[in-house]
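Engineer: Below you'll find coords-v3.cif; it's mmCIF, C-alpha atoms and all ligand atoms.
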```
data_coords
loop_
_atom_site.label_atom_id
_atom_site.label_comp_id
_atom_site.auth_asym_id
_atom_site.auth_seq_id
_atom_site.Cartn_x
_atom_site.Cartn_y
_atom_site.Cartn_z
CA MET A 1 6.60 66.16 -16.80
CA PRO A 2 4.36 66.51 -18.70
CA LEU A 3 6.38 65.71 -21.80
CA LYS A 4 7.06 68.70 -24.02
CA GLN A 5 7.34 66.63 -27.16
CA LYS A 6 6.62 63.05 -28.14
CA PRO A 7 9.51 60.82 -27.03
CA PRO A 8 10.99 58.25 -29.44
CA GLY A 9 9.57 55.19 -27.60
CA THR A 10 6.22 53.47 -28.07
CA LEU A 11 3.61 52.80 -25.38
CA ILE A 12 1.28 49.86 -25.94
CA SER A 13 -1.39 49.12 -23.33
CA PHE A 14 -3.30 45.87 -22.93
CA GLU A 15 -6.85 45.92 -21.63
CA GLY A 16 -9.63 43.42 -21.01
CA SER A 17 -11.41 41.56 -18.25
CA GLU A 18 -9.57 39.35 -15.81
CA GLY A 19 -8.79 36.04 -17.44
CA SER A 20 -8.56 37.58 -20.91
CA GLY A 21 -4.98 36.34 -21.31
CA LYS A 22 -3.25 39.75 -21.29
CA SER A 23 -0.16 38.66 -19.37
CA THR A 24 0.52 35.66 -21.61
CA GLN A 25 0.22 37.82 -24.71
CA ILE A 26 2.46 40.54 -23.28
CA VAL A 27 5.24 37.97 -22.85
CA ARG A 28 4.71 36.76 -26.42
CA LEU A 29 4.69 40.26 -27.88
CA ALA A 30 7.84 41.14 -25.93
CA ALA A 31 9.58 38.16 -27.55
CA HIS A 32 8.64 39.39 -31.05
CA LEU A 33 9.93 42.87 -30.26
CA GLN A 34 13.16 41.58 -28.75
CA LYS A 35 13.80 39.58 -31.93
CA LEU A 36 13.78 42.94 -33.69
CA LYS A 37 16.37 44.14 -31.15
CA ARG A 38 13.93 46.51 -29.49
CA GLU A 39 14.37 47.23 -25.82
CA VAL A 40 11.13 46.24 -24.10
CA VAL A 41 9.91 47.39 -20.69
CA SER A 42 6.88 45.52 -19.34
CA VAL A 43 4.85 46.98 -16.50
CA ARG A 44 1.63 46.08 -14.78
CA GLU A 45 -1.10 48.15 -13.21
CA PRO A 46 -1.72 48.73 -10.44
CA GLY A 47 1.93 48.34 -9.45
CA GLY A 48 5.24 48.47 -11.28
CA THR A 49 6.84 50.73 -8.64
CA GLU A 50 7.34 50.23 -4.93
CA ILE A 51 4.64 52.79 -4.14
CA GLY A 52 2.35 51.28 -6.77
CA GLU A 53 2.76 47.74 -5.39
CA GLN A 54 1.82 49.00 -1.93
CA ILE A 55 -1.26 50.67 -3.38
CA ARG A 56 -2.11 47.45 -5.27
CA ASN A 57 -2.01 45.59 -1.99
CA ILE A 58 -4.45 48.01 -0.38
CA ILE A 59 -6.87 47.82 -3.30
CA VAL A 60 -6.79 44.14 -4.08
CA HIS A 61 -5.98 42.34 -0.87
CA ASN A 62 -7.00 44.64 1.95
CA SER A 63 -9.24 42.54 4.18
CA ARG A 64 -11.49 45.58 4.74
CA GLY A 65 -11.47 46.21 1.00
CA ASP A 66 -15.17 45.52 0.60
CA GLU A 67 -15.83 48.75 2.46
CA MET A 68 -13.78 50.81 0.02
CA CYS A 69 -15.91 53.36 -1.82
CA ALA A 70 -15.65 53.75 -5.58
CA GLU A 71 -14.10 57.23 -5.33
CA THR A 72 -11.25 55.94 -3.15
CA GLU A 73 -10.73 53.06 -5.54
CA LEU A 74 -10.42 55.48 -8.49
CA LEU A 75 -7.97 57.73 -6.66
CA LEU A 76 -5.80 54.81 -5.56
CA PHE A 77 -5.61 53.30 -9.05
CA THR A 78 -4.78 56.68 -10.58
CA ALA A 79 -2.24 57.47 -7.84
CA ALA A 80 -0.40 54.23 -8.62
CA ARG A 81 -0.52 55.14 -12.32
CA ALA A 82 0.81 58.66 -11.76
CA GLN A 83 3.86 57.18 -10.02
CA LEU A 84 4.38 54.52 -12.70
CA VAL A 85 4.23 57.09 -15.51
CA ARG A 86 6.84 59.37 -13.96
CA GLU A 87 9.13 56.77 -12.41
CA VAL A 88 9.20 54.14 -15.15
CA ILE A 89 7.20 54.83 -18.32
CA VAL A 90 8.47 58.30 -19.26
CA PRO A 91 12.16 57.48 -18.71
CA ALA A 92 11.71 54.31 -20.81
CA LEU A 93 9.96 56.17 -23.63
CA VAL A 94 12.68 58.82 -23.61
CA ARG A 95 15.29 56.01 -23.98
CA GLY A 96 13.34 54.82 -27.03
CA CYS A 97 11.97 51.63 -25.45
CA THR A 98 8.72 49.90 -26.30
CA VAL A 99 6.68 49.89 -23.10
CA LEU A 100 4.06 47.16 -22.71
CA SER A 101 1.58 48.04 -20.00
CA ASP A 102 -0.75 45.44 -18.51
CA ARG A 103 -3.65 47.91 -18.09
CA PHE A 104 -3.50 51.73 -18.23
CA LEU A 105 -5.96 54.60 -17.90
CA ASP A 106 -8.75 52.86 -19.84
CA SER A 107 -9.07 50.39 -16.94
CA SER A 108 -10.15 53.27 -14.68
CA THR A 109 -12.55 54.58 -17.33
CA VAL A 110 -14.16 51.16 -17.63
CA TYR A 111 -13.93 49.61 -14.14
CA GLN A 112 -14.51 52.71 -12.01
CA GLY A 113 -16.49 54.78 -14.52
CA ILE A 114 -18.73 52.14 -16.05
CA GLY A 115 -18.40 49.25 -13.58
CA ARG A 116 -18.76 51.38 -10.44
CA ASN A 117 -21.01 54.03 -12.05
CA LEU A 118 -18.78 57.03 -11.31
CA ALA A 119 -19.57 60.10 -13.43
CA ARG A 120 -17.66 60.21 -16.70
CA ASP A 121 -16.23 63.74 -16.57
CA PRO A 122 -14.47 63.57 -13.18
CA VAL A 123 -13.10 60.12 -14.04
CA GLN A 124 -11.70 61.50 -17.27
CA GLN A 125 -10.21 64.57 -15.58
CA ILE A 126 -8.59 62.57 -12.78
CA ASN A 127 -7.27 60.06 -15.30
CA GLN A 128 -5.81 62.84 -17.42
CA PHE A 129 -4.24 64.57 -14.42
CA ALA A 130 -2.57 61.31 -13.39
CA VAL A 131 -1.00 60.51 -16.77
CA GLY A 132 -0.13 64.08 -17.83
CA ASN A 133 0.03 63.86 -21.59
CA VAL A 134 1.37 60.32 -21.71
CA MET A 135 -1.13 58.35 -23.75
CA PRO A 136 -0.79 54.90 -25.33
CA ASP A 137 0.16 54.83 -29.00
CA LEU A 138 -1.87 51.64 -29.26
CA THR A 139 -4.34 49.92 -26.95
CA ILE A 140 -5.08 46.24 -27.44
CA VAL A 141 -8.34 45.02 -25.95
CA ILE A 142 -8.45 41.24 -25.62
CA ASP A 143 -12.14 40.51 -25.73
CA VAL A 144 -13.49 37.29 -24.23
CA PRO A 145 -17.06 36.27 -23.44
CA THR A 146 -17.83 36.89 -19.77
CA THR A 147 -18.55 33.22 -19.10
CA LEU A 148 -15.09 32.28 -20.37
CA SER A 149 -13.43 35.03 -18.37
CA LEU A 150 -15.16 33.91 -15.15
CA LYS A 151 -14.28 30.27 -15.87
CA ARG A 152 -10.60 31.21 -16.22
CA ILE A 153 -10.63 33.26 -13.02
CA ARG A 154 -12.02 30.27 -11.13
CA GLN A 155 -9.49 27.90 -12.69
CA ARG A 156 -6.52 30.07 -11.73
CA ALA A 157 -4.29 27.92 -9.63
CA SER A 158 -3.66 28.44 -5.95
CA ASP A 159 -5.42 31.66 -5.08
CA VAL A 160 -8.64 32.63 -3.45
CA PRO A 161 -10.41 35.20 -5.68
CA ASP A 162 -9.40 38.75 -4.74
CA ARG A 163 -11.78 41.64 -4.07
CA MET A 164 -12.21 42.60 -7.76
CA GLU A 165 -12.49 38.97 -8.85
CA ARG A 166 -15.42 38.38 -6.48
CA GLU A 167 -17.67 40.69 -8.55
CA ASN A 168 -20.69 39.08 -10.19
CA ILE A 169 -21.45 38.30 -13.82
CA SER A 170 -23.42 41.50 -14.49
CA PHE A 171 -20.40 43.59 -13.36
CA TYR A 172 -18.17 41.72 -15.83
CA ASN A 173 -20.74 42.05 -18.61
CA LYS A 174 -20.63 45.81 -18.05
CA ILE A 175 -16.82 45.76 -18.18
CA ARG A 176 -16.75 43.81 -21.41
CA GLU A 177 -19.35 46.05 -23.03
CA GLY A 178 -17.57 49.16 -21.70
CA TYR A 179 -14.32 48.21 -23.43
CA LEU A 180 -16.08 47.49 -26.71
CA VAL A 181 -17.88 50.86 -26.67
CA LEU A 182 -14.68 52.72 -25.74
CA ALA A 183 -12.72 50.97 -28.51
CA LYS A 184 -15.38 51.86 -31.04
CA SER A 185 -15.22 55.52 -30.03
CA MET A 186 -11.43 55.71 -30.63
CA PRO A 187 -10.67 53.35 -33.52
CA GLN A 188 -7.35 55.05 -34.28
CA ARG A 189 -5.92 54.05 -30.87
CA PHE A 190 -7.76 50.78 -30.13
CA VAL A 191 -7.60 47.32 -31.65
CA VAL A 192 -10.02 44.66 -30.39
CA ILE A 193 -8.68 41.11 -30.54
CA ASP A 194 -10.91 38.05 -30.27
CA GLY A 195 -9.54 36.34 -27.16
CA ALA A 196 -11.71 33.23 -27.36
CA ARG A 197 -9.21 31.54 -29.73
CA THR A 198 -5.94 29.69 -29.17
CA GLU A 199 -3.02 31.57 -27.64
CA ASP A 200 -1.10 31.18 -30.92
CA ALA A 201 -3.94 32.66 -32.98
CA ILE A 202 -4.29 35.60 -30.58
CA GLU A 203 -0.53 36.18 -30.67
CA LYS A 204 -0.62 36.30 -34.47
CA SER A 205 -3.45 38.87 -34.51
CA ILE A 206 -1.67 41.05 -31.97
CA TRP A 207 1.59 40.97 -33.90
CA ALA A 208 -0.30 41.85 -37.10
CA ALA A 209 -1.73 44.91 -35.32
CA VAL A 210 1.55 46.00 -33.71
CA LYS A 211 4.07 45.46 -36.52
CA PRO A 212 2.83 48.17 -38.90
CA ARG A 213 2.79 50.71 -36.06
CA LEU A 214 6.44 50.32 -35.13
CA GLY A 215 8.56 53.21 -36.24
P1 LIG B 301 -5.31 42.37 -13.08
O1 LIG B 301 -6.10 41.23 -12.52
O2 LIG B 301 -5.42 42.51 -14.54
O3 LIG B 301 -3.90 42.43 -12.57
O4 LIG B 301 -6.01 43.74 -12.53
C1 LIG B 301 -6.19 43.99 -11.21
C2 LIG B 301 -7.61 44.39 -10.92
O5 LIG B 301 -7.71 45.81 -10.79
C3 LIG B 301 -8.61 44.00 -11.98
O6 LIG B 301 -9.78 43.56 -11.32
C4 LIG B 301 -8.94 45.30 -12.68
C5 LIG B 301 -8.77 46.31 -11.60
N1 LIG B 301 -8.45 47.67 -12.05
C6 LIG B 301 -9.40 48.68 -11.91
O7 LIG B 301 -10.51 48.42 -11.43
N2 LIG B 301 -9.08 49.95 -12.28
C7 LIG B 301 -7.85 50.27 -12.76
O8 LIG B 301 -7.59 51.45 -13.10
C8 LIG B 301 -6.86 49.22 -12.90
C9 LIG B 301 -5.50 49.53 -13.45
C10 LIG B 301 -7.21 47.94 -12.53
#
```
Let me see the structure of the file written as structure tokens.
Ligand code: TMP

Structural biologist:
Amino acid sequence: MPLKQKPPGTLISFEGSEGSGKSTQIVRLAAHLQKLKREVVSVREPGGTEIGEQIRNIIVHNSRGDEMCAETELLLFTAARAQLVREVIVPALVRGCTVLSDRFLDSSTVYQGIGRNLARDPVQQINQFAVGNVMPDLTIVIDVPTTLSLKRIRQRASDVPDRMERENISFYNKIREGYLVLAKSMPQRFVVIDGARTEDAIEKSIWAAVKPRLG
């Protein structure tokens, strides 16, 4: 690490607000890829490694989490990502797998940079340090109106909203807008999918974006 040359695998990240339907669509995309006999590795952030899951627990469920400052939050998310990249993502890409990541470095750019108002340059540098030169080949942003995203969070069965989910509507408006601006600035890497449609329609749009990019 970092990689000396581009490995044969493909890294696709999924981004969007909570309740945008990323996890459902990752399962559906994995099924398409497996039909083509591709080996798929699905990971989620923060987490995906033992160290990462422990970090996730601190960030999301720590009862004193409300006292966590934005800088700590950024460093914890990126620490979990650094581990995931080296322990899971790079070996999978070297084996030629398609890696589907439920969130990647753009989540830190948007949530900590834009949502928490941390300065852009340090966020970018820390992000870059954490991932080395492992960047997504494609990033799919599932865009949903904030009201819909909040409605889905509240409808989620069984759990009490976690620390991030307790943020207010203006925070989530900033997140949504942040993703749209970021996607516009890097159209070669990003595809924005309208997530306010049926799951089948969203699946179709995602497959249409992914298929031509497969080697
Ligand atoms: P999830 O609900 O999609 O699993 O994401 C967990 C929460 O962590 C979600 O509120 C987004 C947030 N998050 C960040 O704030 N920064 C990050 O870098 C990542 C990966 C997630």

Engineer: What does the distance from atom CA of Gly47 of chain A to atom CA of Ser108 of chain A come to in Å, to one decimal?

Structural biologist: 14.1 Å

Engineer: Got a sec to check which residues sit within 9 Å of (-2.1, 51.7, -22.6), counting only C-alpha atoms, and write them as a ChimeraX atom specification?

Structural biologist: /A:11-15,99-106,135-140

Engineer: Figure out the distance between atom CA of Arg44 of chain A and atom CA of Val94 of chain A, please, to one decimal in Å.

Structural biologist: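 Atom CA of Arg44 of chain A lies 19.0 Å from atom CA of Val94 of chain A.
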
Engineer: Between A:Gly113, A:Pro122, A:Pro91, A:Pro46, which one has atoms that come closest to ligand LIG 301 (chain B), using only C-alpha atoms and all ligand atoms?

Structural biologist: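 Closest candidate: A:Pro46.
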
Engineer: Counting all atoms listed in the file, select every polymer residue within 9 Å of (8.0, 53.6, -30.0) as defined in the file's coordinates, and provide the selection as number ranges by chain.

Structural biologist: A: 7-12, 93, 96-99, 137, 213-215

Engineer: Would you mind listing, for every residue of chain A within 10 Å of ligand LIG 301 (chain B), the two atoms forming the shortest contact and the distance between them in Å to one decimal, using all atoms listed in the file, sorted by chain and ascending residue number, as JSON lines?

Structural biologist:
```
{"residue": "A:Phe14", "atom": "CA", "partner": "B:LIG301", "partner_atom": "O2", "distance": 9.3}
{"residue": "A:Glu15", "atom": "CA", "partner": "B:LIG301", "partner_atom": "O2", "distance": 8.0}
{"residue": "A:Gly16", "atom": "CA", "partner": "B:LIG301", "partner_atom": "O2", "distance": 7.8}
{"residue": "A:Ser17", "atom": "CA", "partner": "B:LIG301", "partner_atom": "O2", "distance": 7.1}
{"residue": "A:Glu18", "atom": "CA", "partner": "B:LIG301", "partner_atom": "O1", "distance": 5.1}
{"residue": "A:Gly19", "atom": "CA", "partner": "B:LIG301", "partner_atom": "O1", "distance": 7.6}
{"residue": "A:Ser20", "atom": "CA", "partner": "B:LIG301", "partner_atom": "O2", "distance": 8.6}
{"residue": "A:Gly21", "atom": "CA", "partner": "B:LIG301", "partner_atom": "O2", "distance": 9.2}
{"residue": "A:Lys22", "atom": "CA", "partner": "B:LIG301", "partner_atom": "O2", "distance": 7.6}
{"residue": "A:Ser23", "atom": "CA", "partner": "B:LIG301", "partner_atom": "O2", "distance": 8.1}
{"residue": "A:Arg44", "atom": "CA", "partner": "B:LIG301", "partner_atom": "O3", "distance": 7.0}
{"residue": "A:Glu45", "atom": "CA", "partner": "B:LIG301", "partner_atom": "C9", "distance": 4.6}
{"residue": "A:Pro46", "atom": "CA", "partner": "B:LIG301", "partner_atom": "C9", "distance": 4.9}
{"residue": "A:Gly47", "atom": "CA", "partner": "B:LIG301", "partner_atom": "C9", "distance": 8.5}
{"residue": "A:Arg56", "atom": "CA", "partner": "B:LIG301", "partner_atom": "C1", "distance": 8.0}
{"residue": "A:Ile59", "atom": "CA", "partner": "B:LIG301", "partner_atom": "O5", "distance": 7.8}
{"residue": "A:Val60", "atom": "CA", "partner": "B:LIG301", "partner_atom": "C2", "distance": 6.9}
{"residue": "A:Ala70", "atom": "CA", "partner": "B:LIG301", "partner_atom": "O7", "distance": 9.4}
{"residue": "A:Glu73", "atom": "CA", "partner": "B:LIG301", "partner_atom": "O7", "distance": 7.5}
{"residue": "A:Leu74", "atom": "CA", "partner": "B:LIG301", "partner_atom": "O8", "distance": 6.7}
{"residue": "A:Leu75", "atom": "CA", "partner": "B:LIG301", "partner_atom": "O8", "distance": 9.0}
{"residue": "A:Leu76", "atom": "CA", "partner": "B:LIG301", "partner_atom": "O8", "distance": 8.4}
{"residue": "A:Phe77", "atom": "CA", "partner": "B:LIG301", "partner_atom": "O8", "distance": 4.9}
{"residue": "A:Thr78", "atom": "CA", "partner": "B:LIG301", "partner_atom": "O8", "distance": 6.4}
{"residue": "A:Ala79", "atom": "CA", "partner": "B:LIG301", "partner_atom": "O8", "distance": 9.6}
{"residue": "A:Ala80", "atom": "CA", "partner": "B:LIG301", "partner_atom": "C9", "distance": 8.5}
{"residue": "A:Arg81", "atom": "CA", "partner": "B:LIG301", "partner_atom": "C9", "distance": 7.6}
{"residue": "A:Ser101", "atom": "CA", "partner": "B:LIG301", "partner_atom": "C9", "distance": 9.8}
{"residue": "A:Asp102", "atom": "CA", "partner": "B:LIG301", "partner_atom": "O2", "distance": 6.8}
{"residue": "A:Arg103", "atom": "CA", "partner": "B:LIG301", "partner_atom": "C9", "distance": 5.3}
{"residue": "A:Phe104", "atom": "CA", "partner": "B:LIG301", "partner_atom": "C9", "distance": 5.6}
{"residue": "A:Leu105", "atom": "CA", "partner": "B:LIG301", "partner_atom": "O8", "distance": 6.0}
{"residue": "A:Asp106", "atom": "CA", "partner": "B:LIG301", "partner_atom": "O8", "distance": 7.0}
{"residue": "A:Ser107", "atom": "CA", "partner": "B:LIG301", "partner_atom": "O8", "distance": 4.2}
{"residue": "A:Ser108", "atom": "CA", "partner": "B:LIG301", "partner_atom": "O8", "distance": 3.5}
{"residue": "A:Thr109", "atom": "CA", "partner": "B:LIG301", "partner_atom": "O8", "distance": 7.2}
{"residue": "A:Val110", "atom": "CA", "partner": "B:LIG301", "partner_atom": "N2", "distance": 7.5}
{"residue": "A:Tyr111", "atom": "CA", "partner": "B:LIG301", "partner_atom": "O7", "distance": 4.5}
{"residue": "A:Gln112", "atom": "CA", "partner": "B:LIG301", "partner_atom": "O7", "distance": 5.9}
{"residue": "A:Gly113", "atom": "CA", "partner": "B:LIG301", "partner_atom": "N2", "distance": 9.1}
{"residue": "A:Gly115", "atom": "CA", "partner": "B:LIG301", "partner_atom": "O7", "distance": 8.2}
{"residue": "A:Arg116", "atom": "CA", "partner": "B:LIG301", "partner_atom": "O7", "distance": 8.8}
{"residue": "A:Asn127", "atom": "CA", "partner": "B:LIG301", "partner_atom": "O8", "distance": 8.9}
{"residue": "A:Ile153", "atom": "CA", "partner": "B:LIG301", "partner_atom": "O1", "distance": 9.2}
{"residue": "A:Asp162", "atom": "CA", "partner": "B:LIG301", "partner_atom": "O6", "distance": 8.2}
{"residue": "A:Arg163", "atom": "CA", "partner": "B:LIG301", "partner_atom": "O6", "distance": 7.8}
{"residue": "A:Met164", "atom": "CA", "partner": "B:LIG301", "partner_atom": "O6", "distance": 4.4}
{"residue": "A:Glu165", "atom": "CA", "partner": "B:LIG301", "partner_atom": "O6", "distance": 5.9}
{"residue": "A:Arg166", "atom": "CA", "partner": "B:LIG301", "partner_atom": "O6", "distance": 9.1}
{"residue": "A:Glu167", "atom": "CA", "partner": "B:LIG301", "partner_atom": "O6", "distance": 8.8}
{"residue": "A:Tyr172", "atom": "CA", "partner": "B:LIG301", "partner_atom": "O6", "distance": 9.7}
{"residue": "A:Ile175", "atom": "CA", "partner": "B:LIG301", "partner_atom": "O7", "distance": 9.6}
```

Engineer: Write the selection just made, keeping C-alpha atoms, as a PDB file, keeping the file's coordinate frame?

Structural biologist:
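Full text of again_3.pdb as output:
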```
ATOM      1  CA  PHE A  14      -3.300  45.870 -22.930  1.00  0.00           C
ATOM      2  CA  GLU A  15      -6.850  45.920 -21.630  1.00  0.00           C
ATOM      3  CA  GLY A  16      -9.630  43.420 -21.010  1.00  0.00           C
ATOM      4  CA  SER A  17     -11.410  41.560 -18.250  1.00  0.00           C
ATOM      5  CA  GLU A  18      -9.570  39.350 -15.810  1.00  0.00           C
ATOM      6  CA  GLY A  19      -8.790  36.040 -17.440  1.00  0.00           C
ATOM      7  CA  SER A  20      -8.560  37.580 -20.910  1.00  0.00           C
ATOM      8  CA  GLY A  21      -4.980  36.340 -21.310  1.00  0.00           C
ATOM      9  CA  LYS A  22      -3.250  39.750 -21.290  1.00  0.00           C
ATOM     10  CA  SER A  23      -0.160  38.660 -19.370  1.00  0.00           C
ATOM     11  CA  ARG A  44       1.630  46.080 -14.780  1.00  0.00           C
ATOM     12  CA  GLU A  45      -1.100  48.150 -13.210  1.00  0.00           C
ATOM     13  CA  PRO A  46      -1.720  48.730 -10.440  1.00  0.00           C
ATOM     14  CA  GLY A  47       1.930  48.340  -9.450  1.00  0.00           C
ATOM     15  CA  ARG A  56      -2.110  47.450  -5.270  1.00  0.00           C
ATOM     16  CA  ILE A  59      -6.870  47.820  -3.300  1.00  0.00           C
ATOM     17  CA  VAL A  60      -6.790  44.140  -4.080  1.00  0.00           C
ATOM     18  CA  ALA A  70     -15.650  53.750  -5.580  1.00  0.00           C
ATOM     19  CA  GLU A  73     -10.730  53.060  -5.540  1.00  0.00           C
ATOM     20  CA  LEU A  74     -10.420  55.480  -8.490  1.00  0.00           C
ATOM     21  CA  LEU A  75      -7.970  57.730  -6.660  1.00  0.00           C
ATOM     22  CA  LEU A  76      -5.800  54.810  -5.560  1.00  0.00           C
ATOM     23  CA  PHE A  77      -5.610  53.300  -9.050  1.00  0.00           C
ATOM     24  CA  THR A  78      -4.780  56.680 -10.580  1.00  0.00           C
ATOM     25  CA  ALA A  79      -2.240  57.470  -7.840  1.00  0.00           C
ATOM     26  CA  ALA A  80      -0.400  54.230  -8.620  1.00  0.00           C
ATOM     27  CA  ARG A  81      -0.520  55.140 -12.320  1.00  0.00           C
ATOM     28  CA  SER A 101       1.580  48.040 -20.000  1.00  0.00           C
ATOM     29  CA  ASP A 102      -0.750  45.440 -18.510  1.00  0.00           C
ATOM     30  CA  ARG A 103      -3.650  47.910 -18.090  1.00  0.00           C
ATOM     31  CA  PHE A 104      -3.500  51.730 -18.230  1.00  0.00           C
ATOM     32  CA  LEU A 105      -5.960  54.600 -17.900  1.00  0.00           C
ATOM     33  CA  ASP A 106      -8.750  52.860 -19.840  1.00  0.00           C
ATOM     34  CA  SER A 107      -9.070  50.390 -16.940  1.00  0.00           C
ATOM     35  CA  SER A 108     -10.150  53.270 -14.680  1.00  0.00           C
ATOM     36  CA  THR A 109     -12.550  54.580 -17.330  1.00  0.00           C
ATOM     37  CA  VAL A 110     -14.160  51.160 -17.630  1.00  0.00           C
ATOM     38  CA  TYR A 111     -13.930  49.610 -14.140  1.00  0.00           C
ATOM     39  CA  GLN A 112     -14.510  52.710 -12.010  1.00  0.00           C
ATOM     40  CA  GLY A 113     -16.490  54.780 -14.520  1.00  0.00           C
ATOM     41  CA  GLY A 115     -18.400  49.250 -13.580  1.00  0.00           C
ATOM     42  CA  ARG A 116     -18.760  51.380 -10.440  1.00  0.00           C
ATOM     43  CA  ASN A 127      -7.270  60.060 -15.300  1.00  0.00           C
ATOM     44  CA  ILE A 153     -10.630  33.260 -13.020  1.00  0.00           C
ATOM     45  CA  ASP A 162      -9.400  38.750  -4.740  1.00  0.00           C
ATOM     46  CA  ARG A 163     -11.780  41.640  -4.070  1.00  0.00           C
ATOM     47  CA  MET A 164     -12.210  42.600  -7.760  1.00  0.00           C
ATOM     48  CA  GLU A 165     -12.490  38.970  -8.850  1.00  0.00           C
ATOM     49  CA  ARG A 166     -15.420  38.380  -6.480  1.00  0.00           C
ATOM     50  CA  GLU A 167     -17.670  40.690  -8.550  1.00  0.00           C
ATOM     51  CA  TYR A 172     -18.170  41.720 -15.830  1.00  0.00           C
ATOM     52  CA  ILE A 175     -16.820  45.760 -18.180  1.00  0.00           C
TER      53      ILE A 175
END
```

Engineer: Please compute the atom CA of Ala201 of chain A-atom CA of Lys35 of chain A distance, one decimal, in Å.

Structural biologist: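 Result for atom CA of Ala201 of chain A versus atom CA of Lys35 of chain A: 19.1 Å, one decimal.
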
Engineer: With all atoms listed in the file as the atoms that count, which of A:Ile142, A:Ala130, A:Ala30, A:Val88 lies nearest to Ala196 of chain A?

Structural biologist: A:Ile142

Engineer: So, counting all atoms listed in the file, which residue among A:Ile26, A:Ile89, A:Leu118, A:Ala82 is closest to Gly132 of chain A?

Structural biologist: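 Ranking A:Ile26, A:Ile89, A:Leu118, A:Ala82 by distance to Gly132 of chain A, first place goes to A:Ala82.
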
Engineer: Would you list the contacts of Asn173 of chain A as number ranges by chain, taking every protein, DNA or RNA residue within 10 Å and counting all atoms listed in the file, but skipping same-chain residues closer than 3 positions in sequence?

Structural biologist: A: 17, 115, 145-147, 168-170, 176-178

Engineer: May I have the residues within 10 Å of Ile206 of chain A as an mmCIF file with C-alpha atoms, in the frame of the given file, using all atoms listed in the file and disregarding those fewer than 5 positions away in the same chain?

Structural biologist:
```cif
data_model
loop_
_atom_site.group_PDB
_atom_site.id
_atom_site.type_symbol
_atom_site.label_atom_id
_atom_site.label_comp_id
_atom_site.auth_asym_id
_atom_site.auth_seq_id
_atom_site.Cartn_x
_atom_site.Cartn_y
_atom_site.Cartn_z
ATOM 1 C CA GLN A 25 0.220 37.820 -24.710
ATOM 2 C CA ILE A 26 2.460 40.540 -23.280
ATOM 3 C CA ARG A 28 4.710 36.760 -26.420
ATOM 4 C CA LEU A 29 4.690 40.260 -27.880
ATOM 5 C CA ILE A 140 -5.080 46.240 -27.440
ATOM 6 C CA VAL A 141 -8.340 45.020 -25.950
ATOM 7 C CA ILE A 142 -8.450 41.240 -25.620
ATOM 8 C CA VAL A 191 -7.600 47.320 -31.650
ATOM 9 C CA VAL A 192 -10.020 44.660 -30.390
ATOM 10 C CA ILE A 193 -8.680 41.110 -30.540
ATOM 11 C CA ASP A 194 -10.910 38.050 -30.270
ATOM 12 C CA ASP A 200 -1.100 31.180 -30.920
ATOM 13 C CA ALA A 201 -3.940 32.660 -32.980
ATOM 14 C CA LYS A 211 4.070 45.460 -36.520
#
```

Engineer: I need the residue nearest His32 of chain A from this list: A:Glu50, A:Glu203, A:Asp121, A:Glu71. Use all atoms listed in the file for the distance.

Structural biologist: A:Glu203

Engineer: Rank nothing, just name the residue among A:Ala209, A:Val144, A:Val181, A:Leu150 nearest to Gly195 of chain A, using only C-alpha atoms.

Structural biologist: A:Val144
